[in-house]
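For reference, target.cif is printed below; it contains mmCIF, C-alpha atoms and all ligand atoms.
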```cif
data_structure
#
loop_
_atom_site.label_atom_id
_atom_site.label_comp_id
_atom_site.auth_asym_id
_atom_site.auth_seq_id
_atom_site.Cartn_x
_atom_site.Cartn_y
_atom_site.Cartn_z
CA MET A 1 -102.59 -11.93 -0.85
CA ASP A 2 -103.19 -15.02 -2.91
CA TRP A 3 -101.29 -14.61 -6.18
CA SER A 4 -102.48 -17.84 -7.78
CA GLY A 5 -104.05 -17.27 -11.17
CA ARG A 6 -103.48 -13.51 -11.05
CA ARG A 7 -102.05 -11.86 -14.13
CA VAL A 8 -98.94 -9.82 -13.45
CA LEU A 9 -96.71 -7.77 -15.77
CA VAL A 10 -93.03 -7.37 -14.89
CA THR A 11 -91.21 -4.85 -17.09
CA GLY A 12 -87.47 -5.47 -17.25
CA GLY A 13 -88.40 -9.05 -16.39
CA ALA A 14 -85.32 -10.67 -17.93
CA GLY A 15 -82.99 -8.41 -15.96
CA PHE A 16 -81.39 -9.06 -12.60
CA LEU A 17 -84.08 -7.90 -10.16
CA GLY A 18 -86.99 -8.45 -12.55
CA ALA A 19 -86.12 -12.09 -13.22
CA ASN A 20 -85.74 -12.93 -9.55
CA LEU A 21 -89.14 -11.33 -8.94
CA CYS A 22 -90.67 -13.28 -11.86
CA HIS A 23 -89.44 -16.58 -10.42
CA GLU A 24 -90.99 -15.85 -7.03
CA LEU A 25 -94.31 -14.58 -8.41
CA ALA A 26 -94.59 -17.69 -10.62
CA ARG A 27 -93.75 -19.88 -7.63
CA ARG A 28 -96.69 -18.25 -5.84
CA GLY A 29 -98.96 -19.20 -8.73
CA ALA A 30 -99.21 -15.88 -10.62
CA ARG A 31 -99.53 -15.83 -14.42
CA VAL A 32 -96.50 -13.69 -15.12
CA VAL A 33 -95.63 -11.86 -18.32
CA ALA A 34 -92.05 -10.58 -18.42
CA LEU A 35 -91.44 -7.75 -20.88
CA ASP A 36 -87.84 -7.04 -21.77
CA GLY A 37 -86.04 -5.28 -24.59
CA PHE A 38 -82.66 -6.90 -23.83
CA LEU A 39 -80.98 -3.53 -23.94
CA PHE A 40 -77.26 -3.41 -24.58
CA GLY A 41 -75.28 -3.00 -21.39
CA GLY A 42 -78.16 -3.97 -19.09
CA GLY A 43 -78.64 -7.05 -16.96
CA ALA A 44 -80.98 -8.96 -19.31
CA ASN A 45 -80.03 -12.58 -19.83
CA PRO A 46 -82.33 -15.23 -21.39
CA LYS A 47 -80.93 -17.71 -18.86
CA ASN A 48 -82.40 -15.59 -16.08
CA LEU A 49 -85.91 -16.95 -16.65
CA ASP A 50 -84.92 -20.60 -17.14
CA GLY A 51 -87.22 -22.92 -15.25
CA SER A 52 -89.64 -20.16 -14.19
CA GLY A 53 -92.53 -20.93 -16.56
CA VAL A 54 -92.91 -17.19 -17.11
CA GLU A 55 -94.02 -15.88 -20.51
CA LEU A 56 -91.25 -13.71 -21.95
CA VAL A 57 -92.20 -10.96 -24.38
CA ARG A 58 -89.25 -9.39 -26.14
CA GLY A 59 -90.10 -5.76 -26.75
CA ASP A 60 -89.05 -2.21 -26.04
CA ILE A 61 -91.26 -0.07 -23.77
CA ARG A 62 -90.46 2.88 -26.05
CA GLU A 63 -92.23 1.23 -29.02
CA ILE A 64 -94.24 -1.88 -28.28
CA ASP A 65 -98.03 -1.69 -27.88
CA LEU A 66 -98.21 -1.89 -24.09
CA ARG A 67 -101.98 -2.17 -23.79
CA PRO A 68 -102.33 -5.92 -24.49
CA LEU A 69 -99.55 -6.56 -21.99
CA CYS A 70 -101.34 -4.55 -19.29
CA GLU A 71 -104.77 -6.07 -20.03
CA GLY A 72 -106.23 -7.75 -16.98
CA ALA A 73 -103.15 -7.23 -14.80
CA THR A 74 -103.66 -7.20 -11.04
CA ALA A 75 -100.20 -5.72 -10.58
CA ILE A 76 -97.47 -4.16 -12.69
CA PHE A 77 -93.95 -4.40 -11.33
CA ASN A 78 -92.08 -1.77 -13.28
CA LEU A 79 -88.37 -2.44 -13.40
CA ALA A 80 -87.37 -1.67 -17.00
CA ALA A 81 -84.78 1.08 -17.03
CA GLN A 82 -81.60 2.40 -18.52
CA THR A 83 -79.44 1.87 -15.42
CA SER A 84 -75.93 2.88 -16.47
CA HIS A 85 -74.73 6.11 -14.85
CA MET A 86 -71.88 6.60 -17.31
CA GLY A 87 -74.26 5.62 -20.15
CA GLY A 88 -76.71 8.30 -19.04
CA GLN A 89 -73.95 10.90 -19.02
CA ALA A 90 -72.82 9.87 -22.49
CA ASP A 91 -76.32 9.81 -24.03
CA PRO A 92 -78.87 11.60 -21.83
CA LEU A 93 -81.50 11.60 -24.60
CA ALA A 94 -81.51 7.79 -24.80
CA ASP A 95 -81.56 7.66 -21.01
CA ILE A 96 -84.57 9.93 -20.62
CA ALA A 97 -86.39 8.14 -23.48
CA VAL A 98 -86.53 4.95 -21.38
CA ASN A 99 -86.59 6.25 -17.82
CA ALA A 100 -89.06 9.10 -18.28
CA VAL A 101 -90.77 9.29 -21.70
CA ALA A 102 -91.51 5.55 -21.93
CA GLN A 103 -92.83 5.66 -18.37
CA VAL A 104 -95.53 8.03 -19.57
CA ARG A 105 -96.33 5.59 -22.41
CA LEU A 106 -96.78 2.82 -19.85
CA ILE A 107 -98.92 5.05 -17.63
CA GLN A 108 -101.20 5.85 -20.57
CA ALA A 109 -101.48 2.19 -21.61
CA ALA A 110 -102.24 1.13 -18.03
CA ARG A 111 -104.99 3.79 -17.79
CA GLU A 112 -106.78 2.13 -20.70
CA ALA A 113 -106.01 -1.55 -20.11
CA ALA A 114 -105.44 -1.97 -16.38
CA PRO A 115 -107.04 0.98 -14.60
CA ASP A 116 -107.09 -0.76 -11.22
CA ALA A 117 -103.69 -2.46 -11.29
CA ILE A 118 -101.32 -1.82 -8.43
CA VAL A 119 -97.98 -0.48 -9.67
CA VAL A 120 -94.71 -1.02 -7.85
CA HIS A 121 -92.00 1.11 -9.43
CA ALA A 122 -88.26 0.44 -9.10
CA SER A 123 -86.66 3.71 -8.12
CA THR A 124 -83.18 4.50 -6.83
CA ARG A 125 -81.26 6.16 -4.03
CA GLN A 126 -78.94 7.55 -6.71
CA PHE A 127 -80.82 10.81 -7.14
CA TYR A 128 -80.24 11.94 -3.56
CA GLY A 129 -76.71 12.65 -4.73
CA ARG A 130 -74.16 13.18 -1.96
CA PRO A 131 -76.16 12.76 1.27
CA ARG A 132 -76.15 15.64 3.77
CA LYS A 133 -76.30 13.17 6.64
CA LEU A 134 -76.40 9.43 7.23
CA PRO A 135 -78.56 7.38 7.32
CA VAL A 136 -80.65 8.83 4.51
CA ASP A 137 -84.42 8.99 4.92
CA GLU A 138 -87.05 9.96 2.34
CA ASN A 139 -86.88 13.64 3.34
CA GLU A 140 -83.34 13.99 2.02
CA PRO A 141 -83.33 16.68 -0.72
CA VAL A 142 -83.09 15.33 -4.25
CA ALA A 143 -79.89 16.48 -5.95
CA PRO A 144 -79.13 14.08 -8.81
CA PRO A 145 -75.39 13.78 -9.47
CA ASP A 146 -75.91 12.64 -13.06
CA ALA A 147 -78.35 12.51 -15.98
CA ASN A 148 -79.52 9.02 -15.00
CA GLY A 149 -80.55 10.37 -11.59
CA VAL A 150 -82.60 13.13 -13.26
CA SER A 151 -84.41 10.70 -15.57
CA LYS A 152 -85.09 8.15 -12.81
CA PHE A 153 -86.48 10.91 -10.59
CA ALA A 154 -88.72 12.14 -13.40
CA GLY A 155 -90.01 8.61 -14.03
CA GLU A 156 -90.83 8.10 -10.38
CA GLN A 157 -92.62 11.44 -10.19
CA TYR A 158 -94.83 10.67 -13.21
CA TRP A 159 -95.94 7.49 -11.43
CA MET A 160 -96.62 9.31 -8.15
CA LEU A 161 -98.59 11.89 -10.09
CA GLU A 162 -100.74 9.05 -11.37
CA HIS A 163 -101.48 8.15 -7.78
CA ARG A 164 -102.28 11.73 -6.72
CA VAL A 165 -104.41 12.67 -9.71
CA ARG A 166 -106.09 9.36 -10.56
CA GLY A 167 -105.88 7.49 -7.28
CA ARG A 168 -103.96 4.53 -8.69
CA PRO A 169 -102.23 2.51 -5.97
CA VAL A 170 -98.57 3.22 -6.75
CA VAL A 171 -95.53 2.42 -4.60
CA SER A 172 -92.04 3.62 -5.42
CA LEU A 173 -89.07 1.82 -3.89
CA ARG A 174 -85.80 3.74 -3.82
CA LEU A 175 -83.38 0.85 -3.86
CA THR A 176 -79.80 0.84 -2.67
CA ASN A 177 -77.10 -1.53 -4.07
CA CYS A 178 -78.71 -4.91 -4.69
CA TYR A 179 -76.84 -8.14 -5.28
CA GLY A 180 -77.37 -11.88 -5.56
CA PRO A 181 -77.97 -14.58 -8.16
CA ARG A 182 -78.57 -13.33 -11.75
CA LEU A 183 -76.61 -10.12 -11.17
CA ARG A 184 -74.74 -8.84 -14.21
CA VAL A 185 -71.19 -9.95 -13.38
CA ARG A 186 -69.66 -9.49 -16.83
CA ASP A 187 -68.44 -6.01 -15.88
CA ALA A 188 -69.08 -3.20 -13.41
CA ARG A 189 -72.04 -1.71 -15.29
CA GLN A 190 -74.65 -2.90 -12.81
CA THR A 191 -72.58 -2.59 -9.65
CA PHE A 192 -68.93 -2.70 -8.66
CA LEU A 193 -69.71 -5.98 -6.88
CA GLY A 194 -70.47 -7.62 -10.23
CA ILE A 195 -66.93 -7.30 -11.51
CA TRP A 196 -65.51 -8.18 -8.09
CA LEU A 197 -67.42 -11.46 -8.14
CA ARG A 198 -66.41 -12.25 -11.71
CA CYS A 199 -62.75 -11.68 -10.83
CA VAL A 200 -62.77 -13.88 -7.73
CA LEU A 201 -64.57 -16.65 -9.60
CA GLU A 202 -61.94 -16.46 -12.33
CA GLY A 203 -59.12 -16.35 -9.80
CA LYS A 204 -58.08 -12.85 -10.87
CA PRO A 205 -57.45 -9.77 -8.70
CA PHE A 206 -60.15 -7.08 -8.52
CA GLU A 207 -59.77 -3.36 -7.88
CA VAL A 208 -61.26 -1.38 -5.03
CA TRP A 209 -61.64 2.30 -5.89
CA GLY A 210 -61.15 4.37 -2.76
CA GLY A 211 -62.28 1.96 -0.05
CA ALA A 212 -63.54 4.15 2.78
CA GLN A 213 -67.01 4.74 1.23
CA LEU A 214 -69.87 3.15 3.15
CA ARG A 215 -72.58 1.16 1.41
CA ASP A 216 -75.59 -0.88 2.47
CA MET A 217 -76.40 -3.86 0.29
CA THR A 218 -79.71 -5.69 -0.19
CA TYR A 219 -79.79 -9.37 -1.04
CA VAL A 220 -82.06 -10.00 -4.01
CA ASP A 221 -84.52 -12.26 -2.15
CA ASP A 222 -85.14 -9.41 0.29
CA VAL A 223 -85.66 -7.03 -2.66
CA THR A 224 -88.18 -9.45 -4.17
CA GLU A 225 -90.05 -9.65 -0.88
CA ALA A 226 -90.08 -5.84 -0.65
CA PHE A 227 -91.70 -5.59 -4.11
CA ILE A 228 -94.35 -8.20 -3.35
CA ARG A 229 -95.21 -6.75 0.06
CA SER A 230 -95.48 -3.28 -1.48
CA ALA A 231 -98.21 -4.57 -3.76
CA GLU A 232 -99.93 -6.51 -1.01
CA GLN A 233 -99.98 -3.94 1.79
CA LYS A 234 -102.48 -1.11 1.40
CA ALA A 235 -100.45 0.90 3.93
CA CYS A 236 -97.71 1.16 1.30
CA HIS A 237 -99.88 2.43 -1.56
CA GLY A 238 -99.31 6.01 -2.64
CA ARG A 239 -95.96 6.18 -0.90
CA ILE A 240 -92.24 6.40 -1.66
CA PHE A 241 -89.83 4.35 0.44
CA ASN A 242 -86.10 3.93 0.84
CA ILE A 243 -85.03 0.30 0.92
CA GLY A 244 -81.80 -0.57 2.71
CA GLY A 245 -80.42 -3.89 3.78
CA SER A 246 -77.28 -4.89 5.57
CA PRO A 247 -75.72 -2.60 8.18
CA PRO A 248 -73.33 -0.20 6.38
CA ILE A 249 -69.91 -1.53 5.47
CA SER A 250 -66.88 0.16 3.92
CA LEU A 251 -65.83 -1.02 0.47
CA HIS A 252 -62.54 -2.08 1.97
CA ASP A 253 -64.24 -4.34 4.55
CA LEU A 254 -66.58 -5.66 1.90
CA ALA A 255 -63.61 -6.55 -0.31
CA GLU A 256 -62.02 -8.40 2.62
CA MET A 257 -65.26 -10.33 3.14
CA VAL A 258 -65.52 -11.29 -0.55
CA VAL A 259 -61.92 -12.52 -0.57
CA ARG A 260 -62.44 -14.54 2.61
CA LEU A 261 -65.67 -16.14 1.40
CA ALA A 262 -64.36 -16.93 -2.10
CA GLY A 263 -61.17 -18.45 -0.72
CA PRO A 264 -57.74 -18.54 -2.39
CA PRO A 265 -56.56 -17.30 -4.82
CA ALA A 266 -59.02 -14.35 -4.47
CA HIS A 267 -57.29 -11.02 -3.84
CA TYR A 268 -57.63 -7.32 -4.64
CA SER A 269 -55.70 -4.08 -4.97
CA THR A 270 -56.76 -0.56 -4.00
CA ARG A 271 -56.52 2.50 -6.24
CA GLU A 272 -57.72 6.08 -6.21
CA PHE A 273 -61.20 6.80 -7.47
CA PRO A 274 -60.92 7.46 -11.26
CA ALA A 275 -61.38 11.17 -12.05
CA ASP A 276 -64.24 10.69 -14.56
CA ARG A 277 -66.22 8.64 -12.05
CA ALA A 278 -65.42 10.82 -9.05
CA GLN A 279 -67.51 13.59 -10.63
CA ILE A 280 -70.68 11.50 -10.28
CA ASP A 281 -69.77 9.52 -7.17
CA ILE A 282 -72.13 9.94 -4.22
CA GLY A 283 -69.60 9.18 -1.47
CA SER A 284 -70.99 7.21 1.46
CA TYR A 285 -74.62 6.11 1.60
CA HIS A 286 -76.85 4.01 3.76
CA ALA A 287 -80.60 4.09 3.99
CA ASP A 288 -82.99 4.78 6.80
CA ASP A 289 -85.69 2.36 5.71
CA SER A 290 -87.69 2.44 8.94
CA ALA A 291 -90.75 3.84 7.15
CA PHE A 292 -90.93 0.81 4.89
CA ARG A 293 -90.29 -1.61 7.72
CA ALA A 294 -93.20 -0.08 9.64
CA ALA A 295 -95.62 0.04 6.69
CA ALA A 296 -94.83 -3.35 5.15
CA GLY A 297 -93.64 -5.37 8.13
CA TRP A 298 -90.53 -6.02 6.04
CA ALA A 299 -86.98 -6.55 7.26
CA PRO A 300 -84.01 -8.05 5.45
CA THR A 301 -83.61 -11.73 6.27
CA VAL A 302 -80.27 -12.50 4.60
CA SER A 303 -77.10 -11.14 6.22
CA LEU A 304 -74.40 -9.69 3.99
CA GLU A 305 -72.03 -12.55 4.76
CA GLU A 306 -74.67 -15.17 3.98
CA GLY A 307 -75.78 -13.32 0.84
CA ILE A 308 -72.27 -13.01 -0.58
CA ALA A 309 -71.56 -16.67 0.15
CA ARG A 310 -74.81 -17.74 -1.54
CA THR A 311 -74.09 -15.53 -4.56
CA ILE A 312 -70.60 -16.91 -5.07
CA GLU A 313 -71.86 -20.50 -4.84
CA TRP A 314 -74.76 -19.79 -7.22
CA PHE A 315 -72.42 -18.36 -9.87
CA ARG A 316 -69.63 -20.94 -9.59
CA PRO A 317 -71.25 -23.53 -11.90
CA ARG A 318 -72.98 -20.90 -14.08
CA LEU A 319 -70.35 -18.23 -14.64
CA GLY A 320 -70.07 -19.11 -18.36
CA ASP A 321 -73.73 -18.18 -18.88
CA TYR A 322 -73.08 -14.66 -17.58
CA LEU A 323 -69.89 -13.63 -19.41
N1 LIG B 401 -79.68 -3.40 -9.00
C1 LIG B 401 -79.59 -2.36 -8.20
O1 LIG B 401 -78.71 -2.31 -7.34
C2 LIG B 401 -80.56 -1.20 -8.33
C3 LIG B 401 -80.39 -0.09 -7.49
C4 LIG B 401 -81.27 0.98 -7.62
C5 LIG B 401 -82.32 0.92 -8.53
N2 LIG B 401 -82.46 -0.17 -9.33
C6 LIG B 401 -83.58 -0.17 -10.28
O2 LIG B 401 -84.17 -1.46 -10.34
C7 LIG B 401 -84.61 -1.72 -11.68
C8 LIG B 401 -84.03 -3.04 -12.14
O3 LIG B 401 -82.62 -2.92 -12.13
P1 LIG B 401 -81.66 -4.18 -12.38
O4 LIG B 401 -80.52 -4.01 -11.49
O5 LIG B 401 -82.43 -5.42 -12.38
O6 LIG B 401 -81.15 -3.82 -13.85
P2 LIG B 401 -81.19 -4.71 -15.16
O7 LIG B 401 -80.45 -3.96 -16.21
O8 LIG B 401 -80.74 -6.09 -14.86
O9 LIG B 401 -82.73 -4.74 -15.48
C9 LIG B 401 -83.38 -3.75 -16.22
C10 LIG B 401 -84.02 -4.46 -17.39
O10 LIG B 401 -84.78 -3.52 -18.12
C11 LIG B 401 -84.65 -3.86 -19.48
N3 LIG B 401 -84.94 -2.66 -20.26
C12 LIG B 401 -84.23 -1.51 -20.27
N4 LIG B 401 -84.77 -0.65 -21.12
C13 LIG B 401 -85.85 -1.28 -21.66
C14 LIG B 401 -86.80 -0.89 -22.62
N5 LIG B 401 -86.71 0.29 -23.25
N6 LIG B 401 -87.78 -1.76 -22.94
C15 LIG B 401 -87.84 -2.97 -22.35
N7 LIG B 401 -86.95 -3.40 -21.43
C16 LIG B 401 -85.96 -2.56 -21.09
C17 LIG B 401 -83.22 -4.30 -19.64
O11 LIG B 401 -83.03 -5.08 -20.82
C18 LIG B 401 -83.00 -5.07 -18.36
O12 LIG B 401 -83.26 -6.44 -18.51
C19 LIG B 401 -84.21 -0.52 -12.52
O13 LIG B 401 -85.31 0.32 -12.65
C20 LIG B 401 -83.12 0.15 -11.70
O14 LIG B 401 -83.06 1.54 -11.93
C21 LIG B 401 -81.60 -1.22 -9.25
#
```

Transcribe the structure of this file into structure tokens.
Ligand SMILES: NC(=O)c1ccc[n+]([C@@H]2O[C@H](COP(=O)([O-])OP(=O)(O)OC[C@H]3O[C@@H](n4cnc5c(N)ncnc54)[C@H](O)[C@@H]3O)[C@@H](O)[C@H]2O)c1
Amino acid sequence: MDWSGRRVLVTGGAGFLGANLCHELARRGARVVALDGFLFGGGANPKNLDGSGVELVRGDIREIDLRPLCEGATAIFNLAAQTSHMGGQADPLADIAVNAVAQVRLIQAAREAAPDAIVVHASTRQFYGRPRKLPVDENEPVAPPDANGVSKFAGEQYWMLEHRVRGRPVVSLRLTNCYGPRLRVRDARQTFLGIWLRCVLEGKPFEVWGGAQLRDMTYVDDVTEAFIRSAEQKACHGRIFNIGGSPPISLHDLAEMVVRLAGPPAHYSTREFPADRAQIDIGSYHADDSAFRAAAGWAPTVSLEEGIARTIEWFRPRLGDYL
């Protein structure tokens, strides 16, 4: 698909995944509007869009008039979300307002202003809860372990309903842990890897909670490619896909890799999983993403080792912008 000159809306466009996607779409010639409310505790950072040439609109999807932003869009990449699991537990009403109620606002605006736009929705593996078996495919029962999982599932389902009832081409990508440049590294709110990277770049020890849990990780460039292919490939439209990445790795082995790649004085300690977090922890997870690979012709191109090395080097000269 030729993106040049096409109008594209990216919600959550100043956040980690949204900004990386904006850069790539702009590089391919799209006229990109990034909508972001710079929500407290999220991954939004004005620096994230530096050099992209993307138009940034500061606004909240719960309030702003979304119709002018949707007008004429070929595609809407919908990444705005309240992403904090602990935040969702603490304030489930605020969580559902963004992840479910505001999704319906966007659906209604898109009906009026962009009835033919393709929508690629950022969903999550989180709402599978503790998997019954590994790897996890799309038939795994949904059993959200926390309020954020409930609201994200509801948001996804409103979008899929729009496909079933109105025929809009909608794709929902259930992402696993993503990482790479522009990640929120200030703390662990986006992922545990964020705070690990901050610590090694500051020469401080980081903590591994537990250590035996398995995770698969997707490098952000592979996530970006998955979003773009989802829009481009008709075989993806109307479907929900798990997106994985690297072969599964234990947190302990991942910590060893981070320490090795960062070099001295990087080091870490291990502690038991904190009780308040253990209640909403999903244990081990890795995705069966074969359905997406078959439909989109996608496969991750950046190995975990390469991705971690690239991320560390990207942040070294820029850490101050992300603290
Ligand atoms: N990063 C991951 O590992 C991961 C994993 C699973 C799912 N996801 C999903 O991918 C999407 C992007 O996640 P991310 O990691 O880039 O997080 P992020 O916090 O960096 O990006 C989300 C962006 O949405 C914005 N936003 C939130 N509420 C908004 C509102 N009401 N109005 C306007 N903007 C709002 C935030 O300011 C932020 O910039 C989310 O939908 C998330 O649930 C991410």

- Task: Check which residues fall inside 6 Å of ligand LIG 401 (chain B) when counting only C-alpha atoms and all ligand atoms, and print them as a ChimeraX atom specification.
- Result: /A:12,14-18,36-39,42-44,59-62,79-83,98,122-124,175-178

- Counting all atoms listed in the file, the residue of A:Ile195, A:Ala296, A:Ala188, A:Met160 that sits nearest Glu225 (chain A):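 For Glu225 (chain A), the nearest of the candidates is A:Ala296.
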
- Take CA of Ala100 (chain A) and CA of Arg58 (chain A) and report the distance between them in Å, one decimal. 20.1 Å

- Item | Residue nearest Lys133 (chain A) among A:Asp95, A:Pro300, A:Ala287, A:Pro274 (counting all atoms listed in the file) |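 The closest residue to Lys133 (chain A) is A:Ala287.
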
- Task: Tell me, as a list in words, which residues lie within 8 Å of His121 (chain A), counting only C-alpha atoms; anything in the same chain fewer than 2 positions away does not count.
- Result: Phe77, Asn78, Leu79, Val119, Ser123, Glu156, Trp159, Val170, Val171, Ser172 and Leu173 of chain A

- Item | Residue contacts of Asp216 (chain A) (6 Å, all atoms listed in the file) excluding same-chain residues fewer than 4 positions away, as number ranges by chain | A: 245-248, 286

- Looking at A:Arg318, A:Met86, A:Ala294, A:Leu9, which one is nearest to Ser230 (chain A), with distances taken over all atoms listed in the file?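 That would be A:Ala294, the residue with the smallest distance to Ser230 (chain A).
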
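The residue that comes closest to Ser250 (chain A), out of A:Val208, A:Ala262, A:Ala231, A:Ile308 and on the basis of all atoms listed in the file, is A:Val208.
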
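For the atom pair formed by CA of Ile243 (chain A) and CA of Arg189 (chain A), the distance is 20.9 Å, given to one decimal.
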
- For CA of Ala299 (chain A) and CA of Met1 (chain A), the interatomic separation in Å (one decimal):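 Going from CA of Ala299 (chain A) over to CA of Met1 (chain A) covers 18.4 Å.
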
- Item | Answer as a count of residues only, residues within 12 Å of (-107.6, -13.5, -13.5) using all atoms listed in the file | 17
